[in-house]
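**Q** Could you have a look at this structure, given as C-alpha cells, before my questions?
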Amino acid sequence: GQGVPYYGMDALTAVCSDSMPDPLFRINLPMFADGDLAALNIGSAMYPDIPSGAIVILKEWSVQGVVPGEIYLIVTQYFRGIRIIRQGQDPDQLLLVASNSEQFDPITLSREEITKLYIVQGIIIKKNL
C-alpha cells in the first residue's frame, strides 16, 4: 500500500502494540514516503514543538544512527516518550530532553537500554480555526 499508515491512537501505544488495528487512512506526502507509521502525540513534554494532538510521522531507526538534536520516540524498559536526543557525558550515554523543560527534566540513559527507536520525520499540526 502507498502512503504512511495512520493510526488514531497514541504513538507510544502504537509502537508498543503487538497487534495493530487496520490504519484509519494513509498519509500520502512524497517527503514522508518512507515513514513506517503515523500516530498521535499525546501529552505536553514536547510542547510547543509538538502540541498534544499533533500527528507524528515515525520511521524506525537504529540506536547507532542517532543524530544528536533530532526528535525521536524512545522506548526502554522503564520509559516511553518523544524527546530530543543529545549526546550524554560519555559516548555510551544519551540525554533525552523535552522541549517543555520547565515541566520535564532531562533523562540520561545508556544506548543499550533502548528497545525501540523511531525518528520523528514529520509533525502535522491541525490548526483550530
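Residues in the C-alpha cells are numbered from 1 in each chain, the chains being A, B, ... in the order shown, and ligands are numbered from 1 in the order shown.
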Within 7 Å of Pro5 in chain A, counting only C-alpha atoms, which residues show up once you throw out same-chain ones fewer than 5 positions away? Write them as a ChimeraX atom specification, please.

**A** /A:23,25-27,37-38

**Q** Excluding range 83-100 of chain A and residues on its chain fewer than 6 positions from it, collect all residues at most 10 Å away from it, counting only C-alpha atoms, and give them as a VMD selection string.

**A** chain A and resid 44 to 50 66 to 74 106 to 113 119 to 120

**Q** From a DSSP calculation on the backbone, collect every residue of range 47-97 of chain A in strand (DSSP E or B) and output the set as JSON, numbers by chain.

**A** {"A": [55, 56, 57, 58, 59, 60, 71, 72, 73, 74, 75, 80, 81, 82, 83, 84, 85, 86, 87, 93, 94, 95, 96, 97]}

**Q** Those selected residues, please, written with C-alpha atoms and delivered as a short mmCIF file (atom, residue, chain, number, x, y, z; two decimals), in the first residue's frame.

**A**
data_model
loop_
_atom_site.label_atom_id
_atom_site.label_comp_id
_atom_site.auth_asym_id
_atom_site.auth_seq_id
_atom_site.Cartn_x
_atom_site.Cartn_y
_atom_site.Cartn_z
CA ILE A 55 0.27 13.68 14.26
CA VAL A 56 3.85 12.41 14.28
CA ILE A 57 5.27 10.53 11.31
CA LEU A 58 7.71 7.91 12.53
CA LYS A 59 10.45 5.88 10.90
CA GLU A 60 12.20 3.02 12.66
CA ILE A 71 13.49 14.28 17.84
CA TYR A 72 12.87 10.59 18.48
CA LEU A 73 10.30 8.30 20.00
CA ILE A 74 12.26 6.23 22.51
CA VAL A 75 11.18 3.03 24.26
CA ARG A 80 8.43 5.62 26.71
CA GLY A 81 8.29 9.06 25.20
CA ILE A 82 9.14 11.53 22.47
CA ARG A 83 12.24 13.58 23.22
CA ILE A 84 15.18 15.36 21.62
CA ILE A 85 18.26 13.13 21.92
CA ARG A 86 21.56 14.76 22.79
CA GLN A 87 24.94 13.17 23.47
CA GLN A 93 25.16 7.80 27.22
CA LEU A 94 22.30 9.68 25.65
CA LEU A 95 20.47 12.64 27.12
CA LEU A 96 16.73 12.83 26.45
CA VAL A 97 15.50 16.41 26.54
#

**Q** Have a look at CA of Gln2 in chain A and CA of Gln64 in chain A and let me know their distance in Å, one decimal.

**A**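 Going from CA of Gln2 in chain A over to CA of Gln64 in chain A, I get 28.5 Å.
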
**Q** To one decimal place in Å, what is the distance between CA of Asp36 in chain A and CA of Gly8 in chain A?

**A** 14.6 Å

**Q** Could you jot down the CA of Phe79 in chain A to CA of Lys116 in chain A separation for me, Å, one decimal place?

**A**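 If I compute the distance from CA of Phe79 in chain A to CA of Lys116 in chain A, I get 10.8 Å.
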
**Q** Check the smallest atom-to-atom distance from each of A:Leu24, A:Val15, A:Ile125, A:Met31 to Ser52 in chain A using only C-alpha atoms, then report the winner.

**A**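 Checking each of A:Leu24, A:Val15, A:Ile125, A:Met31 against Ser52 in chain A, counting only C-alpha atoms, the winner is A:Ile125.
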